[in-house]
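Structure below is input-v8.cif: mmCIF, C-alpha atoms.
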data_coords
loop_
_atom_site.label_atom_id
_atom_site.label_comp_id
_atom_site.auth_asym_id
_atom_site.auth_seq_id
_atom_site.Cartn_x
_atom_site.Cartn_y
_atom_site.Cartn_z
CA MET A 1 -2.00 -16.63 -4.49
CA THR A 2 -2.31 -12.87 -4.21
CA PRO A 3 -4.04 -11.69 -7.42
CA ASP A 4 -1.66 -8.80 -8.07
CA LEU A 5 2.06 -8.41 -7.54
CA GLY A 6 1.51 -4.75 -6.71
CA ILE A 7 4.49 -3.39 -8.63
CA LEU A 8 5.36 0.21 -7.92
CA ASP A 9 7.24 1.93 -10.76
CA PHE A 10 9.22 5.09 -10.17
CA ARG A 11 12.54 6.72 -11.02
CA ARG A 12 15.33 7.73 -8.68
CA GLY A 13 17.98 9.92 -10.26
CA SER A 14 19.23 8.48 -13.55
CA PHE A 15 18.28 4.86 -12.99
CA MET A 16 15.14 2.79 -12.95
CA VAL A 17 13.88 1.37 -9.68
CA ILE A 18 10.98 -1.06 -9.63
CA LYS A 19 9.78 -2.30 -6.26
CA ARG A 20 6.83 -4.37 -5.10
CA LYS A 21 4.64 -3.64 -2.09
CA ILE A 22 2.45 -6.72 -1.47
CA LYS A 23 3.52 -10.21 -0.42
CA VAL A 24 2.82 -13.06 -2.80
CA SER A 25 2.35 -16.59 -1.46
CA THR A 26 1.41 -19.99 -2.87
CA THR A 27 -1.62 -21.48 -1.14
CA GLN A 28 -2.62 -24.75 -2.87
CA ASN A 29 -0.67 -27.99 -3.19
CA GLY A 30 0.11 -29.62 -6.53
CA ARG A 31 -0.55 -26.53 -8.60
CA PHE A 32 0.95 -24.57 -11.47
CA TYR A 33 1.26 -20.85 -10.70
CA ALA A 34 1.44 -18.03 -13.25
CA ILE A 35 1.18 -14.38 -12.30
CA SER A 36 2.90 -11.21 -13.54
CA ALA A 37 2.82 -7.43 -13.35
CA ARG A 38 3.76 -4.80 -15.90
CA PHE A 39 5.75 -1.62 -15.50
CA LYS A 40 7.02 1.08 -17.84
CA PRO A 41 9.28 -0.65 -20.41
CA PHE A 42 12.98 0.16 -20.39
CA SER A 43 16.31 -1.01 -21.81
CA ASN A 44 19.38 -1.82 -19.75
CA LYS A 45 21.72 -1.19 -22.67
CA GLY A 46 25.04 0.11 -21.37
CA LYS A 47 23.88 -0.21 -17.74
CA THR A 48 24.10 -2.69 -14.93
CA LEU A 49 20.96 -4.73 -14.33
CA VAL A 50 20.18 -5.84 -10.76
CA ILE A 51 17.29 -8.21 -10.01
CA GLN A 52 16.55 -8.91 -6.36
CA TYR A 53 13.81 -10.43 -4.20
CA THR A 54 13.21 -12.51 -1.08
CA VAL A 55 11.72 -16.00 -0.92
CA LYS A 56 10.74 -18.19 2.02
CA HIS A 57 9.73 -21.85 1.85
CA GLU A 58 7.63 -22.15 5.00
CA GLN A 59 6.55 -25.66 3.97
CA LYS A 60 10.19 -26.85 3.92
CA MET A 61 10.12 -27.25 0.14
CA ASP A 62 10.59 -30.80 -1.18
CA CYS A 63 9.73 -30.19 -4.84
CA GLY A 64 8.92 -26.91 -6.50
CA GLY A 65 10.24 -23.64 -7.84
CA GLY A 66 11.05 -20.44 -6.00
CA TYR A 67 12.36 -18.48 -8.99
CA ILE A 68 11.07 -15.41 -10.80
CA LYS A 69 11.06 -14.38 -14.46
CA VAL A 70 11.64 -11.03 -16.19
CA PHE A 71 9.57 -10.67 -19.36
CA PRO A 72 9.51 -8.42 -22.41
CA ALA A 73 6.81 -5.75 -22.39
CA ASP A 74 4.66 -7.59 -24.95
CA VAL A 75 4.18 -10.71 -22.81
CA ASP A 76 0.62 -12.07 -22.83
CA GLN A 77 -0.24 -11.90 -19.14
CA LYS A 78 -3.65 -13.53 -19.45
CA ASN A 79 -2.18 -16.63 -21.08
CA LEU A 80 1.11 -16.77 -19.17
CA ASN A 81 2.56 -20.29 -19.23
CA GLY A 82 5.75 -22.27 -19.58
CA LYS A 83 6.04 -21.37 -23.26
CA SER A 84 5.83 -17.61 -22.68
CA GLN A 85 9.08 -15.96 -23.76
CA TYR A 86 11.13 -14.44 -20.99
CA TYR A 87 14.44 -12.58 -20.82
CA ILE A 88 15.75 -13.85 -17.48
CA MET A 89 14.85 -16.69 -15.13
CA PHE A 90 16.47 -16.43 -11.71
CA GLY A 91 16.09 -18.12 -8.36
CA PRO A 92 16.04 -21.41 -6.43
CA ASP A 93 14.57 -24.68 -7.64
CA ILE A 94 14.28 -27.72 -5.35
CA CYS A 95 13.13 -31.24 -6.15
CA GLY A 96 14.22 -34.26 -4.13
CA PHE A 97 17.89 -34.90 -3.46
CA ASP A 98 19.11 -34.15 -6.98
CA ILE A 99 17.89 -30.61 -7.70
CA LYS A 100 18.83 -27.93 -5.20
CA LYS A 101 20.13 -25.15 -7.39
CA VAL A 102 19.82 -21.49 -8.33
CA HIS A 103 18.68 -21.08 -11.93
CA VAL A 104 20.22 -18.25 -13.94
CA ILE A 105 18.89 -18.51 -17.50
CA LEU A 106 19.37 -15.78 -20.13
CA HIS A 107 17.60 -15.42 -23.47
CA PHE A 108 19.99 -14.73 -26.35
CA LYS A 109 19.66 -15.21 -30.13
CA ASN A 110 16.21 -16.83 -29.71
CA GLN A 111 17.56 -19.48 -27.34
CA TYR A 112 17.71 -19.98 -23.58
CA HIS A 113 21.15 -20.43 -22.07
CA GLU A 114 21.77 -21.59 -18.50
CA ASN A 115 24.84 -20.93 -16.39
CA LYS A 116 27.07 -24.01 -16.65
CA LYS A 117 28.12 -23.74 -12.99
CA LEU A 118 26.12 -25.49 -10.26
CA ILE A 119 24.95 -22.77 -7.88
CA ARG A 120 23.52 -24.21 -4.65
CA CYS A 121 20.41 -22.67 -3.12
CA LYS A 122 19.18 -22.54 0.49
CA VAL A 123 16.90 -25.41 1.50
CA ASP A 124 15.73 -24.38 4.97
CA GLY A 125 12.49 -22.66 6.00
CA PHE A 126 13.90 -19.17 6.48
CA THR A 127 13.56 -16.09 4.26
CA HIS A 128 16.52 -15.57 1.95
CA LEU A 129 17.59 -12.66 -0.23
CA TYR A 130 18.49 -13.55 -3.84
CA THR A 131 20.36 -11.04 -6.01
CA LEU A 132 21.47 -11.25 -9.65
CA ILE A 133 23.81 -8.62 -11.12
CA LEU A 134 24.54 -8.40 -14.86
CA ARG A 135 27.10 -5.76 -15.85
CA PRO A 136 27.90 -4.13 -19.25
CA ASP A 137 31.45 -5.51 -19.12
CA LEU A 138 29.90 -9.02 -19.24
CA SER A 139 30.71 -9.82 -15.63
CA TYR A 140 28.02 -11.13 -13.30
CA ASP A 141 27.41 -11.83 -9.64
CA VAL A 142 24.93 -14.10 -7.86
CA LYS A 143 24.35 -13.30 -4.20
CA ILE A 144 22.40 -15.01 -1.44
CA ASP A 145 21.74 -13.02 1.72
CA GLY A 146 24.08 -10.30 0.50
CA GLN A 147 27.05 -12.64 0.07
CA SER A 148 28.49 -13.45 -3.37
CA ILE A 149 28.27 -17.20 -4.00
CA GLU A 150 29.16 -17.21 -7.71
CA SER A 151 30.62 -14.72 -10.19
CA GLY A 152 32.53 -14.63 -13.44
CA SER A 153 32.08 -13.94 -17.14
CA ILE A 154 28.69 -14.12 -18.84
CA GLU A 155 30.37 -15.00 -22.11
CA TYR A 156 32.19 -18.03 -20.69
CA ASP A 157 29.94 -19.25 -17.87
CA TRP A 158 26.94 -19.43 -20.21
CA ASN A 159 28.97 -21.12 -22.99
CA LEU A 160 28.32 -18.18 -25.30
CA THR A 161 31.84 -17.89 -26.69
CA SER A 162 30.75 -19.76 -29.81
CA LEU A 163 27.77 -17.46 -30.38
CA LYS A 164 28.94 -14.72 -32.68
CA LYS A 165 27.21 -12.21 -34.87
CA GLU A 166 27.29 -13.84 -38.28
CA THR A 167 28.14 -11.55 -41.18
CA SER A 168 25.11 -11.20 -43.42
CA PRO A 169 25.26 -11.93 -47.19
CA ALA A 170 24.89 -8.19 -47.81
CA GLU A 171 27.93 -7.50 -45.64
CA SER A 172 29.93 -10.16 -47.53
CA LYS A 173 28.94 -8.58 -50.85
CA ASP A 174 29.93 -5.17 -49.55
CA TRP A 175 33.30 -6.63 -48.57
CA GLU A 176 33.94 -7.92 -52.10
CA GLN A 177 32.93 -4.60 -53.64
CA THR A 178 35.06 -2.70 -51.16
CA LYS A 179 38.03 -4.95 -51.87
CA ASP A 180 37.73 -4.34 -55.65
CA ASN A 181 36.79 -0.66 -55.62
CA LYS A 182 39.12 0.50 -52.89
CA ALA A 183 42.24 -1.43 -53.80
CA GLN A 184 43.68 1.38 -55.89
CA ASP A 185 42.78 4.01 -53.28
CA TRP A 186 44.42 1.81 -50.65
CA GLU A 187 47.72 1.77 -52.54
CA LYS A 188 47.55 5.47 -53.29
CA HIS A 189 46.96 6.21 -49.64
CA PHE A 190 49.86 4.22 -48.31
CA LEU A 191 52.34 3.56 -51.11
CA ASP A 192 54.77 6.08 -52.60
CA ALA A 193 54.35 5.40 -56.32
CA SER A 194 56.99 8.03 -57.22
CA ALA A 195 59.74 6.12 -55.45
CA SER A 196 62.09 4.55 -58.00
CA LYS A 197 63.92 1.25 -57.66
CA GLN A 198 67.42 1.21 -56.35
CA SER A 199 69.93 0.84 -59.15
CA ASP A 200 71.47 -2.28 -57.59
CA TRP A 201 68.12 -4.02 -56.92
CA ASN A 202 67.98 -7.51 -58.49
CA GLY A 203 64.42 -8.76 -58.85
CA GLU A 204 65.44 -12.41 -59.27
CA LEU A 205 67.62 -12.42 -56.16
CA ASP A 206 65.94 -9.79 -54.02
CA GLY A 207 62.30 -10.35 -54.95
CA ASP A 208 59.69 -7.70 -55.72
CA TRP A 209 60.63 -4.11 -55.09
CA PRO A 210 58.83 -2.89 -51.88
CA ALA A 211 57.55 0.61 -52.49
CA SER A 212 58.14 2.95 -49.58
CA MET A 213 55.26 3.94 -47.32
CA LEU A 214 54.04 7.52 -47.17
CA GLN A 215 52.97 7.01 -43.57
CA LYS A 216 53.20 4.23 -41.00
CA PRO A 217 49.90 2.44 -40.33
CA PRO A 218 48.57 3.29 -36.84
CA TYR A 219 47.64 -0.37 -36.10
CA GLN A 220 49.58 -3.37 -37.27
CA ASP A 221 46.82 -5.95 -36.65
CA GLY A 222 43.77 -3.93 -37.59
CA LEU A 223 44.72 -1.75 -40.53
CA LYS A 224 41.75 0.12 -41.99
CA PRO A 225 41.83 2.61 -44.89
CA GLU A 226 39.64 5.69 -44.84
CA GLY A 227 36.18 5.43 -46.37
CA ILE A 228 35.71 1.73 -45.63
CA ASP A 229 32.95 0.55 -43.30
CA LYS A 230 34.10 0.40 -39.68
CA ASP A 231 33.03 -3.25 -39.34
CA ILE A 232 35.14 -4.39 -42.32
CA TRP A 233 38.72 -5.22 -41.38
CA LEU A 234 41.19 -5.31 -44.29
CA HIS A 235 44.02 -6.98 -42.49
CA HIS A 236 44.93 -10.22 -44.24
CA LYS A 237 44.36 -12.34 -41.14
CA MET A 238 40.79 -11.05 -40.75
CA LYS A 239 39.85 -10.92 -44.44
CA ASN A 240 38.12 -14.31 -44.51
CA THR A 241 36.54 -14.17 -41.05
CA ASN A 242 32.75 -14.61 -41.13
CA TYR A 243 32.01 -13.75 -37.49
CA LEU A 244 32.32 -10.66 -35.38
CA THR A 245 32.15 -10.78 -31.60
CA GLN A 246 28.77 -9.80 -30.13
CA TYR A 247 28.91 -7.73 -26.95
CA ASP A 248 25.22 -7.45 -26.02
CA LEU A 249 24.87 -10.74 -24.12
CA SER A 250 23.54 -8.96 -21.02
CA GLU A 251 21.38 -6.33 -22.74
CA PHE A 252 17.62 -6.49 -23.10
CA GLU A 253 15.81 -3.82 -25.11
CA ASN A 254 12.22 -4.04 -23.89
CA ILE A 255 12.01 -5.14 -20.26
CA GLY A 256 8.42 -4.62 -19.18
CA ALA A 257 7.12 -7.25 -16.74
CA ILE A 258 8.12 -9.44 -13.82
CA GLY A 259 6.34 -12.49 -12.50
CA LEU A 260 6.15 -16.07 -11.31
CA GLU A 261 5.65 -19.06 -13.58
CA LEU A 262 6.33 -22.23 -11.63
CA TRP A 263 5.04 -25.53 -10.23
CA GLN A 264 4.84 -26.56 -6.58
CA VAL A 265 3.97 -29.94 -5.08
CA ARG A 266 3.50 -28.44 -1.62
CA SER A 267 2.46 -24.81 -1.29
CA GLY A 268 3.61 -22.32 1.30
CA THR A 269 6.27 -20.23 -0.43
CA ILE A 270 6.29 -16.48 0.25
CA PHE A 271 7.80 -14.01 -2.27
CA ASP A 272 8.51 -10.43 -1.28
CA ASN A 273 10.67 -7.32 -1.77
CA PHE A 274 10.95 -7.45 -5.57
CA LEU A 275 13.47 -4.95 -6.93
CA ILE A 276 14.88 -4.12 -10.37
CA THR A 277 17.50 -1.38 -10.61
CA ASP A 278 20.85 -0.49 -12.19
CA ASP A 279 22.43 0.64 -8.92
CA GLU A 280 24.23 -2.10 -6.99
CA GLU A 281 24.66 0.03 -3.89
CA TYR A 282 20.97 0.89 -3.81
CA ALA A 283 20.07 -2.80 -4.11
CA ASP A 284 22.45 -3.64 -1.27
CA ASN A 285 20.95 -0.96 0.97
CA PHE A 286 17.41 -2.00 0.03
CA GLY A 287 18.22 -5.58 0.98
CA LYS A 288 19.58 -4.49 4.36
CA ALA A 289 16.52 -2.33 5.01
CA THR A 290 14.09 -5.17 4.23
CA TRP A 291 15.46 -8.69 4.64
CA GLY A 292 18.29 -7.43 6.86
CA GLU A 293 15.85 -5.99 9.41
CA THR A 294 13.69 -9.12 9.64
CA LYS A 295 16.16 -12.00 9.47
CA GLY A 296 17.10 -11.75 13.16
CA PRO A 297 13.54 -11.58 14.56
CA GLU A 298 12.49 -14.35 12.17
CA ARG A 299 15.09 -16.75 13.55
CA GLU A 300 14.29 -15.76 17.12
CA MET A 301 10.60 -16.42 16.51
CA ASP A 302 11.47 -19.75 14.91
CA ALA A 303 13.48 -20.74 17.99
CA ILE A 304 10.58 -19.79 20.29
CA GLN A 305 8.13 -21.77 18.18
CA ALA A 306 10.47 -24.76 18.15
CA LYS A 307 10.63 -24.70 21.98
CA GLU A 308 6.86 -24.41 22.22
CA GLU A 309 6.40 -27.33 19.84
CA MET A 310 8.84 -29.46 21.82
CA LYS A 311 7.07 -28.57 25.06
CA LYS A 312 3.70 -29.41 23.54
CA ALA A 313 5.03 -32.70 22.21
CA ARG A 314 6.34 -33.69 25.67
CA GLU A 315 3.05 -32.80 27.31
CA GLU A 316 1.12 -34.87 24.79
CA GLU A 317 3.47 -37.80 25.32
CA GLU A 318 3.08 -37.57 29.09
CA GLU A 319 -0.70 -37.44 28.70
CA GLU A 320 -0.61 -40.54 26.52
CA LEU A 321 1.56 -42.40 29.04
CA LEU A 322 -0.65 -41.31 31.92
CA SER A 323 -3.76 -42.24 29.99
CA GLY A 324 -2.23 -45.62 29.19
CA LYS A 325 -1.49 -46.30 32.85
CA MET A 326 -5.00 -45.30 33.89
CA ASN A 327 -6.52 -47.47 31.22
CA GLY A 328 -4.37 -50.38 32.41
CA ARG A 329 -5.49 -49.99 36.03
CA GLU A 330 -9.13 -49.72 34.98
CA HIS A 331 -8.77 -52.85 32.89
CA TYR A 332 -7.24 -54.74 35.86
CA PHE A 333 -9.99 -53.50 38.23
CA ASN A 334 -12.73 -54.64 35.86
CA ARG A 335 -11.12 -58.07 35.45
CA PHE A 336 -10.86 -58.46 39.26
CA HIS A 337 -14.55 -57.72 39.84
CA ARG A 338 -15.69 -59.98 37.03
CA ARG A 339 -13.68 -62.85 38.51
CA ASN A 340 -15.23 -62.34 42.01
CA GLU A 341 -18.69 -62.34 40.51
CA LEU A 342 -18.07 -65.73 39.09
#
Mind turning this structure into structure tokens?
Amino acid sequence: MTPDLGILDFRRGSFMVIKRKIKVSTTQNGRFYAISARFKPFSNKGKTLVIQYTVKHEQKMDCGGGYIKVFPADVDQKNLNGKSQYYIMFGPDICGFDIKKVHVILHFKNQYHENKKLIRCKVDGFTHLYTLILRPDLSYDVKIDGQSIESGSIEYDWNLTSLKKETSPAESKDWEQTKDNKAQDWEKHFLDASASKQSDWNGELDGDWPASMLQKPPYQDGLKPEGIDKDIWLHHKMKNTNYLTQYDLSEFENIGAIGLELWQVRSGTIFDNFLITDDEEYADNFGKATWGETKGPEREMDAIQAKEEMKKAREEEEEELLSGKMNGREHYFNRFHRRNEL
């Protein structure tokens, strides 16, 4: 395998673009591969994250990985292995008839979570362009050769709806203190204490006297008094809730390396055109300028090679048949002369 991924790190406008410039290929059968390259760390918080590369299984892969991993900046490159923490694992994995899928695994809350949908990968010997798009609105897109093959919600397709940000004990304590200390201020803010009961109001028949409101609450289902922490909701329905929705499922604070960490039974996979950016249009154009320019000639060359191989196979078969006939005649001639000698 090439000893260095050759990552080139530069900025274009307001977004990060990371591209590679040297092909990487697996060269030995039955081997575990681990290689990575660093770049200037960055966070994709509030931005789209696009990961893209090309992979070609020249050996017609029967069992092995063709995926890549995006690592945090503090990854130990010298000891990179299957236990090394990563943020994202993306790409094809093939093994026998059962496994022919595109992995999309995200690291969240110290656990790895895989997309619950089965995303089929390409299994031929051609170069293919794989693209993963993670957006701030929690939507995602998986593309092969520029065409979307799967999309949806990160929250639902990774079964993350049950993963919420648990309220800490300190927050719960703050809630109890707020409830006790702010109760009087709450009533003063919204209730008109000077309003007197109506003369005909009967407490036994009509219930408690409802004091008039000084102002109408702006939100019926999320009423919050002034001076109370923005994450504490005082509405009765939310008062006993212990979880608040977490919206950073697609954000990674310290992205700093990209690499390969995989096993292959038969070598011959070529990785190329690595790209990390937050611009979907740029990634699309980059794919067209790289994979898009070579896919046609590659298939044409494959067709020419296939014809040449067929021609060579026919010639070898004809030579074998001709050789067999000649050997048969020679055998008959030798038998004839031996019989006459007797």
List, as a count of residues only, every residue that the PyMOL selection byres ((chain A and resi 146-152) around 12) selects in the file provided.
-> 50
Selection dump of the PyMOL selection byres ((chain A and resi 258-264) around 8), as a PyMOL selection string | chain A and resi 5+29-38+63-71+80-82+256-257+265-267
Rank A:Cys95, A:Ile88, A:Thr127, A:Gly324 by their smallest atom-to-atom distance to Asp272 (chain A), using only C-alpha atoms, and report the top residue only.
->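 Going through A:Cys95, A:Ile88, A:Thr127, A:Gly324 one by one, the smallest distance to Asp272 (chain A) is for A:Thr127.
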Given the file above and the PyMOL selection byres ((chain A and resi 85) around 9), which residues are selected, and can you give them as a ChimeraX atom specification?
-> /A:71-72,75,82-84,86-87,107
Residue among A:Val123, A:Leu321, A:Leu275, A:Ile270 lying closest to Thr26 (chain A), counting all atoms listed in the file | A:Ile270
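Going from CA of Gln28 (chain A) to CA of Asn79 (chain A) covers 19.9 Å.
Ranking A:Ser25, A:Phe126, A:Gln59, A:Pro136 by their shortest atom-to-atom distance to Gly296 (chain A), with only C-alpha atoms included, puts A:Phe126 first.
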Coordinates of box centre and edge lengths for region 287-296 of chain A, 4 Å on every side, axis-aligned, as lines of an AutoDock Vina configuration file:
center_x = 16.6
center_y = -7.2
center_z = 7.1
size_x = 13.9
size_y = 17.7
size_z = 20.2
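Interatomic distance, CA of Lys47 (chain A) to CA of Phe252 (chain A): 10.4 Å.
Atom to atom, CA of Thr294 (chain A) and CA of Val50 (chain A) stand 21.7 Å apart.
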List the neighbours of Phe108 (chain A) out to 9 Å using all atoms listed in the file; skip same-chain residues closer than 4 positions along the sequence, and give me the result as a list in words.
-> Tyr87, Tyr112, His113, Asp248, Leu249 and Ser250 of chain A
Among the residues A:Glu309, A:Asp93, A:Glu293, A:Glu251, the one that comes closest to Leu106 (chain A) [using only C-alpha atoms] =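 Of A:Glu309, A:Asp93, A:Glu293, A:Glu251, the one nearest Leu106 (chain A), counting only C-alpha atoms, is A:Glu251.
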